[in-house]
Structures are given as C-alpha cells and as structure tokens.
$ cat structure.cif   # mmCIF, C-alpha atoms
data_work
loop_
_atom_site.label_atom_id
_atom_site.label_comp_id
_atom_site.auth_asym_id
_atom_site.auth_seq_id
_atom_site.Cartn_x
_atom_site.Cartn_y
_atom_site.Cartn_z
CA MET A 1 41.44 -30.87 58.40
CA ALA A 2 44.90 -32.14 57.70
CA ALA A 3 47.70 -30.92 59.93
CA SER A 4 49.78 -29.81 56.96
CA ALA A 5 46.97 -27.58 55.69
CA ALA A 6 46.64 -26.01 59.13
CA ASN A 7 50.36 -25.37 59.20
CA GLY A 8 50.17 -23.83 55.75
CA ARG A 9 47.45 -21.42 56.87
CA SER A 10 49.38 -20.47 59.98
CA SER A 11 52.40 -19.76 57.82
CA GLN A 12 50.36 -17.58 55.49
CA LEU A 13 48.72 -15.71 58.33
CA LEU A 14 52.08 -15.10 59.95
CA ARG A 15 53.58 -13.92 56.68
CA GLY A 16 51.10 -11.05 56.58
CA VAL A 17 52.01 -9.75 60.01
CA LEU A 18 55.56 -10.97 60.48
CA ASP A 19 56.93 -7.48 59.98
CA LEU A 20 54.72 -6.24 62.81
CA CYS A 21 55.81 -9.15 64.98
CA LEU A 22 59.47 -8.35 64.35
CA LEU A 23 58.93 -4.68 65.12
CA ALA A 24 57.09 -5.61 68.31
CA THR A 25 59.91 -7.96 69.26
CA VAL A 26 62.53 -5.20 69.08
CA ALA A 27 60.29 -2.32 70.19
CA ASP A 28 61.38 -2.50 73.79
CA GLU A 29 64.60 -4.47 73.65
CA PRO A 30 67.10 -4.86 70.82
CA ALA A 31 67.72 -8.33 69.49
CA TYR A 32 69.79 -10.06 66.82
CA GLY A 33 68.26 -12.22 64.13
CA TYR A 34 68.46 -15.63 65.70
CA GLU A 35 67.36 -14.18 69.04
CA MET A 36 64.23 -12.80 67.39
CA THR A 37 63.46 -16.20 65.96
CA LYS A 38 63.72 -17.72 69.41
CA ARG A 39 61.54 -15.05 71.02
CA LEU A 40 58.81 -15.52 68.44
CA ARG A 41 58.89 -19.29 68.81
CA GLU A 42 58.70 -19.00 72.57
CA ARG A 43 55.43 -17.14 72.04
CA GLY A 44 54.00 -19.87 69.86
CA LEU A 45 54.96 -18.67 66.39
CA ALA A 46 56.71 -21.87 65.36
CA ALA A 47 56.21 -21.17 61.66
CA VAL A 48 58.50 -18.16 61.76
CA GLY A 49 61.43 -20.09 60.29
CA GLU A 50 59.49 -20.95 57.18
CA GLY A 51 59.56 -17.36 56.04
CA SER A 52 63.11 -16.70 57.22
CA ILE A 53 63.23 -13.34 58.90
CA TYR A 54 66.44 -12.08 57.24
CA PRO A 55 64.95 -10.76 54.00
CA LEU A 56 62.22 -9.09 56.03
CA LEU A 57 64.76 -7.53 58.37
CA GLY A 58 66.58 -6.31 55.28
CA ARG A 59 63.41 -4.56 54.10
CA LEU A 60 62.75 -3.03 57.52
CA GLU A 61 66.32 -1.76 57.56
CA ARG A 62 66.02 -0.31 54.04
CA GLU A 63 62.79 1.45 54.98
CA GLY A 64 64.35 2.90 58.11
CA LEU A 65 61.94 1.12 60.42
CA VAL A 66 64.75 -0.48 62.39
CA GLU A 67 68.17 0.73 63.44
CA THR A 68 71.14 -1.60 63.67
CA TYR A 69 74.39 -1.79 65.55
CA ARG A 70 77.03 -4.39 66.24
CA GLU A 71 77.99 -5.71 69.59
CA ALA A 72 80.55 -8.29 70.59
CA SER A 73 79.21 -11.63 71.74
CA ASN A 74 80.67 -13.92 74.36
CA GLY A 75 83.48 -15.63 72.52
CA GLY A 76 81.76 -15.47 69.16
CA PRO A 77 81.78 -12.98 66.30
CA PRO A 78 80.06 -9.60 66.78
CA ARG A 79 76.31 -9.80 66.43
CA LYS A 80 74.12 -7.42 64.52
CA TYR A 81 71.38 -6.05 66.74
CA TYR A 82 68.12 -4.51 65.61
CA ARG A 83 65.90 -2.07 67.43
CA ALA A 84 62.79 -0.25 66.30
CA SER A 85 63.33 3.31 65.12
CA ALA A 86 60.87 6.12 65.77
CA ARG A 87 59.40 5.49 62.33
CA GLY A 88 59.27 1.79 63.13
CA LEU A 89 57.32 2.42 66.34
CA SER A 90 54.88 4.62 64.45
CA ALA A 91 54.48 1.95 61.75
CA LEU A 92 53.95 -0.64 64.49
CA ALA A 93 51.16 1.42 66.04
CA ASP A 94 49.44 1.83 62.66
CA GLY A 95 49.90 -1.84 61.81
CA LEU A 96 48.59 -2.93 65.18
CA ALA A 97 45.38 -0.96 64.66
CA GLU A 98 44.95 -2.54 61.22
CA TRP A 99 45.58 -6.00 62.63
CA ARG A 100 42.98 -5.52 65.38
CA ASP A 101 40.39 -4.30 62.90
CA ALA A 102 41.05 -7.28 60.65
CA ARG A 103 41.06 -9.71 63.57
CA ASP A 104 37.75 -8.33 64.91
CA SER A 105 36.15 -8.59 61.49
CA VAL A 106 37.29 -12.17 61.07
CA ASP A 107 36.15 -12.99 64.62
CA ALA A 108 32.76 -11.50 63.85
CA VAL A 109 32.34 -14.06 61.09
CA LEU A 110 34.10 -17.05 62.54
CA GLY A 111 32.84 -16.39 66.07
CA GLU A 112 29.24 -16.90 64.95
CA ARG A 113 30.15 -20.30 63.56
CA ALA A 114 31.95 -21.18 66.78
CA GLU A 115 28.85 -20.32 68.85
CA ALA A 116 26.39 -22.02 66.52
CA PRO A 117 25.09 -25.45 67.57
CA ALA A 118 26.85 -28.30 65.83
CA MET B 1 76.65 -23.90 57.90
CA ASN B 2 79.79 -22.17 56.67
CA GLU B 3 79.20 -23.69 53.28
CA PHE B 4 75.74 -22.12 53.25
CA VAL B 5 77.23 -18.70 54.03
CA GLU B 6 79.82 -19.10 51.28
CA SER B 7 77.08 -20.01 48.81
CA CYS B 8 75.28 -16.83 49.80
CA ARG B 9 78.49 -14.85 49.26
CA ARG B 10 78.85 -16.24 45.76
CA GLU B 11 75.29 -15.28 44.94
CA TRP B 12 75.75 -11.78 46.28
CA LYS B 13 78.88 -11.39 44.21
CA ARG B 14 77.00 -12.58 41.14
CA LEU B 15 74.27 -10.06 41.89
CA ARG B 16 76.92 -7.33 42.28
CA VAL B 17 75.96 -6.58 45.84
CA PRO B 18 78.51 -4.04 47.12
CA SER B 19 81.24 -5.85 49.05
CA PRO B 20 80.74 -3.99 52.36
CA VAL B 21 77.04 -4.89 52.33
CA ALA B 22 77.75 -8.50 51.38
CA ASP B 23 80.32 -8.69 54.18
CA ASP B 24 77.78 -7.26 56.60
CA MET B 25 75.11 -9.80 55.68
CA ALA B 26 77.57 -12.69 55.67
CA ALA B 27 78.92 -11.74 59.09
CA GLU B 28 75.42 -11.42 60.50
CA LEU B 29 74.36 -14.77 59.13
CA ALA B 30 77.55 -16.51 60.27
CA ALA B 31 77.23 -15.11 63.80
CA ASP B 32 73.58 -16.13 64.08
CA LEU B 33 74.22 -19.60 62.70
CA ALA B 34 77.12 -20.04 65.13
CA ASP B 35 74.80 -19.06 67.95
CA ALA B 36 72.18 -21.49 66.71
CA ALA B 37 74.75 -24.28 66.46
CA ALA B 38 75.74 -23.62 70.06
CA ASP B 39 72.08 -24.15 70.97
CA GLY B 40 72.07 -27.41 69.03
CA ALA B 41 69.81 -25.95 66.35
CA THR B 42 70.19 -26.91 62.71
CA LEU B 43 70.29 -24.68 59.67
CA GLU B 44 66.71 -25.64 58.91
CA ASP B 45 65.65 -24.68 62.43
CA VAL B 46 66.86 -21.16 61.74
CA LEU B 47 65.99 -20.67 58.09
CA GLY B 48 63.28 -23.22 57.43
CA PRO B 49 62.88 -24.32 53.80
CA ALA B 50 65.22 -21.53 52.71
CA SER B 51 68.06 -23.63 54.11
CA SER B 52 67.85 -25.89 51.06
CA ASP B 53 68.38 -23.09 48.53
CA ALA B 54 71.15 -20.70 49.46
CA ARG B 55 70.97 -18.81 46.16
CA ALA B 56 67.27 -18.06 46.47
CA PHE B 57 67.68 -17.09 50.11
CA ALA B 58 70.63 -14.79 49.36
CA ALA B 59 68.88 -13.21 46.39
CA ALA B 60 65.71 -12.56 48.38
CA TRP B 61 67.67 -10.98 51.20
CA ALA B 62 69.67 -8.72 48.90
CA ARG B 63 66.57 -7.77 46.94
CA GLU B 64 64.60 -6.87 50.06
CA ARG B 65 67.50 -4.87 51.36
CA GLY B 66 67.72 -3.04 48.05
CA VAL B 67 71.35 -3.80 47.35
CA VAL B 68 71.21 -5.80 44.14
CA GLY B 69 73.56 -4.14 41.67
CA ALA B 70 72.65 -3.08 38.15
CA SER B 71 72.65 -6.19 36.02
CA ARG B 72 72.82 -6.73 32.31
CA THR B 73 69.22 -7.61 31.92
CA PRO B 74 67.71 -8.07 28.47
CA ARG B 75 65.91 -4.79 29.04
CA GLY B 76 69.20 -3.07 29.79
CA ALA B 77 70.83 -4.62 26.76
CA LEU B 78 67.95 -3.45 24.60
CA ALA B 79 68.30 0.08 25.95
CA ALA B 80 72.02 -0.01 25.20
CA LEU B 81 71.35 -1.24 21.67
CA VAL B 82 68.80 1.51 21.09
CA ALA B 83 71.32 4.06 22.34
CA VAL B 84 74.00 2.76 19.98
CA VAL B 85 71.65 2.77 17.00
CA LEU B 86 70.45 6.26 17.87
CA ALA B 87 74.03 7.49 18.14
CA ALA B 88 74.84 5.92 14.77
CA VAL B 89 71.82 7.56 13.16
CA ILE B 90 72.76 10.95 14.59
CA ALA B 91 76.38 10.54 13.50
CA GLY B 92 75.25 9.50 10.02
CA ALA B 93 72.93 12.48 9.79
CA LEU B 94 75.70 14.83 10.84
CA LEU B 95 78.03 13.23 8.31
CA ALA B 96 75.43 13.56 5.60
CA VAL B 97 74.94 17.21 6.45
CA GLY B 98 78.70 17.66 6.21
CA HIS B 99 78.80 16.01 2.80
CA THR B 100 75.86 17.94 1.53
CA LYS B 101 77.17 21.25 2.77
CA PRO B 102 76.25 23.75 0.07
CA SER B 103 79.09 24.37 -2.30
CA THR B 104 80.02 27.46 -4.23
CA HIS B 105 82.76 28.66 -6.53
CA ALA B 106 85.71 30.65 -5.34
CA PRO B 107 85.32 34.21 -6.61
CA ASN B 108 88.14 36.01 -8.32
CA LEU B 109 89.81 38.14 -5.68
CA VAL B 110 92.96 39.10 -7.55
CA GLY B 111 93.35 42.82 -8.01
CA LEU B 112 90.96 43.71 -5.18
CA SER B 113 91.84 45.48 -1.99
CA GLN B 114 91.75 43.36 1.13
CA ALA B 115 88.45 44.93 2.24
CA ALA B 116 86.81 44.45 -1.13
CA ALA B 117 88.08 40.87 -1.31
CA ALA B 118 86.68 40.16 2.11
CA ARG B 119 83.27 41.47 1.07
CA ARG B 120 83.25 39.43 -2.12
CA ALA B 121 84.34 36.30 -0.31
CA ALA B 122 81.64 36.82 2.33
CA GLY B 123 79.07 37.22 -0.42
CA ALA B 124 80.00 33.74 -1.63
CA GLY B 125 79.80 32.33 1.87
CA LEU B 126 83.55 32.17 2.24
CA THR B 127 86.06 33.75 4.55
CA LEU B 128 89.25 35.53 3.67
CA ALA B 129 92.61 34.60 5.11
CA VAL B 130 95.55 36.83 4.37
CA VAL B 131 98.50 34.53 4.32
CA HIS B 132 101.32 36.97 3.98
CA PRO B 133 100.55 40.65 3.58
CA LYS B 134 104.11 41.66 2.96
CA PRO B 135 106.03 39.23 0.80
CA PHE B 136 109.74 38.99 0.91
CA ARG B 137 111.84 40.47 -1.84
CA SER B 138 112.67 36.91 -2.69
CA GLY B 139 112.31 33.72 -0.85
CA THR B 140 109.88 31.01 -0.01
CA LEU B 141 106.45 31.32 1.51
CA THR B 142 104.79 28.17 2.74
CA ILE B 143 101.03 28.11 3.09
CA GLU B 144 99.99 25.52 5.64
CA SER B 145 96.77 23.60 5.83
CA VAL B 146 95.23 24.77 2.64
CA SER B 147 92.78 22.43 1.03
CA PRO B 148 94.35 21.68 -2.38
CA SER B 149 91.14 22.05 -4.27
CA GLY B 150 92.77 23.72 -7.25
CA THR B 151 95.94 24.94 -8.82
CA PRO B 152 96.78 28.38 -7.47
CA THR B 153 96.74 31.29 -9.80
CA VAL B 154 99.36 33.84 -8.97
CA ALA B 155 99.46 37.23 -10.63
CA TYR B 156 102.59 38.27 -8.89
CA SER B 157 104.84 36.65 -11.42
CA PRO B 158 106.28 34.16 -9.08
CA THR B 159 107.16 30.59 -9.76
CA VAL B 160 104.52 28.47 -8.16
CA THR B 161 104.92 24.89 -7.11
CA ALA B 162 101.79 23.09 -6.10
CA GLY B 163 102.50 20.08 -3.94
CA ARG B 164 100.38 17.00 -3.60
CA SER B 165 99.75 17.62 0.04
CA SER B 166 97.86 20.43 1.67
CA SER B 167 100.97 22.57 1.62
CA TYR B 168 101.95 24.91 -1.21
CA THR B 169 105.26 26.57 -1.76
CA ILE B 170 105.23 29.89 -3.56
CA ILE B 171 108.45 31.52 -4.72
CA PHE B 172 108.24 35.25 -5.40
CA SER B 173 110.29 37.11 -7.93
CA PRO B 174 111.80 40.40 -6.72
CA THR B 175 109.53 42.52 -8.87
CA ASN B 176 106.23 44.15 -8.27
CA THR B 177 103.19 43.00 -10.14
CA PRO B 178 102.91 44.89 -13.39
CA GLY B 179 99.76 47.00 -13.50
CA LEU B 180 98.65 46.30 -9.94
CA PRO B 181 98.79 49.04 -7.36
CA VAL B 182 100.32 48.26 -4.03
CA GLY B 183 97.97 46.79 -1.43
CA ARG B 184 95.98 44.62 -3.83
CA ILE B 185 95.49 40.90 -3.85
CA VAL B 186 98.05 39.33 -6.13
CA ALA B 187 97.32 35.66 -5.57
CA GLN B 188 94.65 33.39 -4.11
CA LEU B 189 94.13 29.80 -3.14
CA PRO B 190 92.00 28.19 -4.35
CA SER B 191 91.89 29.94 -7.66
CA ALA B 192 88.78 31.61 -9.05
CA GLY B 193 86.11 29.26 -10.28
CA VAL B 194 87.18 26.25 -8.20
CA ARG B 195 84.29 24.57 -6.39
CA VAL B 196 84.58 24.98 -2.64
CA ARG B 197 82.29 24.43 0.31
CA ARG B 198 80.64 27.37 1.94
CA GLY B 199 82.43 28.32 5.10
CA ASP B 200 85.85 27.50 3.69
CA SER B 201 88.51 30.16 3.58
CA VAL B 202 90.29 31.59 0.56
CA GLN B 203 93.95 32.25 1.15
CA VAL B 204 95.14 35.47 -0.48
CA ILE B 205 98.45 37.23 -0.81
CA LEU B 206 98.61 41.01 -0.75
CA ASP B 207 101.04 42.96 -2.84
CA SER B 208 103.07 45.34 -0.76
CA PRO B 209 106.13 47.46 -1.27
CA PHE B 210 109.39 45.71 -0.74
CA PRO B 211 111.33 46.86 2.22
#

$ encode --input "structure.cif" --output "structure tokens"
Amino acid sequence: MAASAANGRSSQLLRGVLDLCLLATVADEPAYGYEMTKRLRERGLAAVGEGSIYPLLGRLEREGLVETYREASNGGPPRKYYRASARGLSALADGLAEWRDARDSVDAVLGERAEAPA
Amino acid sequence: MNEFVESCRREWKRLRVPSPVADDMAAELAADLADAAADGATLEDVLGPASSDARAFAAAWARERGVVGASRTPRGALAALVAVVLAAVIAGALLAVGHTKPSTHAPNLVGLSQAAAARRAAGAGLTLAVVHPKPFRSGTLTIESVSPSGTPTVAYSPTVTAGRSSSYTIIFSPTNTPGLPVGRIVAQLPSAGVRVRRGDSVQVILDSPFP
C-alpha cells in the first residue's frame, strides 16, 4: 500500500473524530489553537494540520461546546484560549462512547484478518 | 504570515463578517502564527494545505463559526425581484380599484334643509359638507379643495366665478333668495347631475338670515 494512500486514510479517519480530539485536548487544561496542534502531534496525530483546526474550533465555539478567553502571552499578542464547556464535556462523553463502539466493531472485522494465517 | 492574515481579512470583509468577529479571528490567527514562527514552524506546518488558499481557509472558518453576513445571492435577488413585482401588482390593483370606483350623479340638493340634503346625498353614496352656513351680507367666500367636476349652480343670486383650479370664489348679493325659506340649501358644488365618484362630498351653502 502506498504511503500517500495510508496518509489519506489517516487524514479521513482523523477528520471524523477531530472534534472529539480537540474537546479532549482542552477538557482538562485550556489551550490556544497552535498549542492544540502541537499537543495532538505529540500524541501521534501528525495529520491534524491537513484539516486545519480553526474552522472546527469556530464550529465548537458556535455550538457552545467550548468557552474562550484571552490571555496575554510572553512578549507576544494576547492569545485566545479554549476550554471545554459543560456541554462540551457531555458531548465528549457521548462521542467517546460512539467512537469506542465504532472502533470495537471495526476491530472485530479487521482483527480476524490480523489473526488469520497469511 | 502577515500577508496570509491580511488575505483572510479581505475575504472576511467580502463575506460581510462583522468587524469585531473578523478582528477576533485575525488576532487569534496572527498570535498563533507568531508563536509558530518562534518555534521555527512554517505556515504549512500550522495550517497544512489550507496555507495555500487563504480565501478558502477564511471562508471555511467564518462559515463554521456562523458569521458570514447576508449576501446578495441569486436566490436573494430573485426573492427581491418577486417582492418588487408583487408590490407593483398590488399597487396596480389598488390603482385600478380607485379608477373603477363606482360613480354616481350629484343629486339636486338646492331647496332642501340640511338634514334632508344629507339624507339624499347619503342615498347617492355621497357626503354633505356645509361650506358656509351663514353667508355674509356681501363679500367673498372661497371654497377650498373642491374637485372642479362641474360648474356650480347657485340659486342665491350671487355672481359666481368658477376658477380653473380646485378653488371657487362665490360672491353673494345682499338679498335673500326669492322663494326659498331661511335654512335651505341655496347652492351646491358640484351641481346636480354632474358625475362624481361615490364617497365624494358635495359642498353646499345654506341660506340664513343676514345679521
């Protein structure tokens, strides 16, 4: 399988759950946009930049799933921080359950192939 | 990177994103890009492929945030056109109704009492307007805003001058109307038999004793 195709699938998979990943990222500790990108990449989600998180953050903000505030940075302009709202935490819990169900179902199919003799 | 932010600003302005919101997004993006630059990261590192199309990126962000202003879309223009046509049709219908307002003929009110004249006028779909119930011994009475739909007939023996405008000047002689008891209509505008529209008023002058 070509590397580009694998990257494309990773990007598509991430696109479906990127909102959950962003909510999880700011569930416990607020973060600004670029900081979120770094946190996700540190955890192996290198494809996060391909979807650009800003439009998604805009939707989360519009839906009231995140709260925002500004805070001065060291020497730079004030940064806009995001943190999960109560509704956002509830949506994260629901989305996490859905993700686990979907993951288990996919594992049930792909896992058989992985265990089958070559 | 600043150029990218400015391109986004232009797109937000084009999309009529409210200025405070556009400022908020621009400030956020500029701060994050400055932070990324300090880390040695490029625009593409932060935004991925979106870094090559500022307009698309800005539009997607504004759309997801729900701040794209009302635009003159073809659908909106069509709705406006329909509204204009509808208004024109309604106005035309109203105008047509006005033109086709049922007409009638002014009844003869001269010689009647005011009450009887009012009843007869009402029967013809008209209203009665007493212009001057107590004429001067001599002088000039000007009737304003009377539709000049006919030459006035005056039984009071005055000299009548009908102007070309909607104003008539009636000059009374210092004599009572021969054969007419006091308190009767001595003149009317428009005169009897003139075609008028229902709802119009007939101006009448009452005979009354001179002071």

$ interface_residues --input "structure.cif" --of "chain A" --to "chain B" --cutoff "12 Å" --atoms "all atoms listed in the file" --output "ChimeraX atom specification"
/A:11,31-38,40-41,46-64,68-82

$ residues_near_point --input "structure.cif" --point "(59.0, -0.8, 64.4)" --cutoff "9 Å" --atoms "only C-alpha atoms" --output "PyMOL selection string"
chain A and resi 19-27+60+65-66+83-93

$ atom_distance --input "structure.cif" --atom1 "atom CA of B:Ile205" --atom2 "atom CA of B:Gly193"
17.5 Å

$ atom_distance --input "structure.cif" --atom1 "atom CA of B:Ala129" --atom2 "atom CA of B:Ala117"
10.1 Å

$ closest_residue --input "structure.cif" --among "A:Gly44, A:Val17, A:Pro30, A:Leu110" --to "A:Ala97" --atoms "only C-alpha atoms"
A:Val17

$ atom_distance --input "structure.cif" --atom1 "atom CA of A:Ala108" --atom2 "atom CA of A:Leu13"
17.4 Å

$ residues_around --input "structure.cif" --residues "B:Gln203" --least-positions-apart "5" --cutoff "7 Å" --atoms "only C-alpha atoms" --output "MDAnalysis selection string"
chainID B and resid 128:131 188:189

$ resolve_selection --input "structure.cif" --expression "the PyMOL selection byres ((chain B and resi 16) around 9)" --output "ChimeraX atom specification"
/B:11-15,17-19,67-71

$ residues_near_point --input "structure.cif" --point "(89.0, 30.7, -10.3)" --cutoff "7 Å" --atoms "only C-alpha atoms" --output "list in words"
Ala106, Pro107, Asn108, Ser191, Ala192, Gly193 and Val194 of chain B
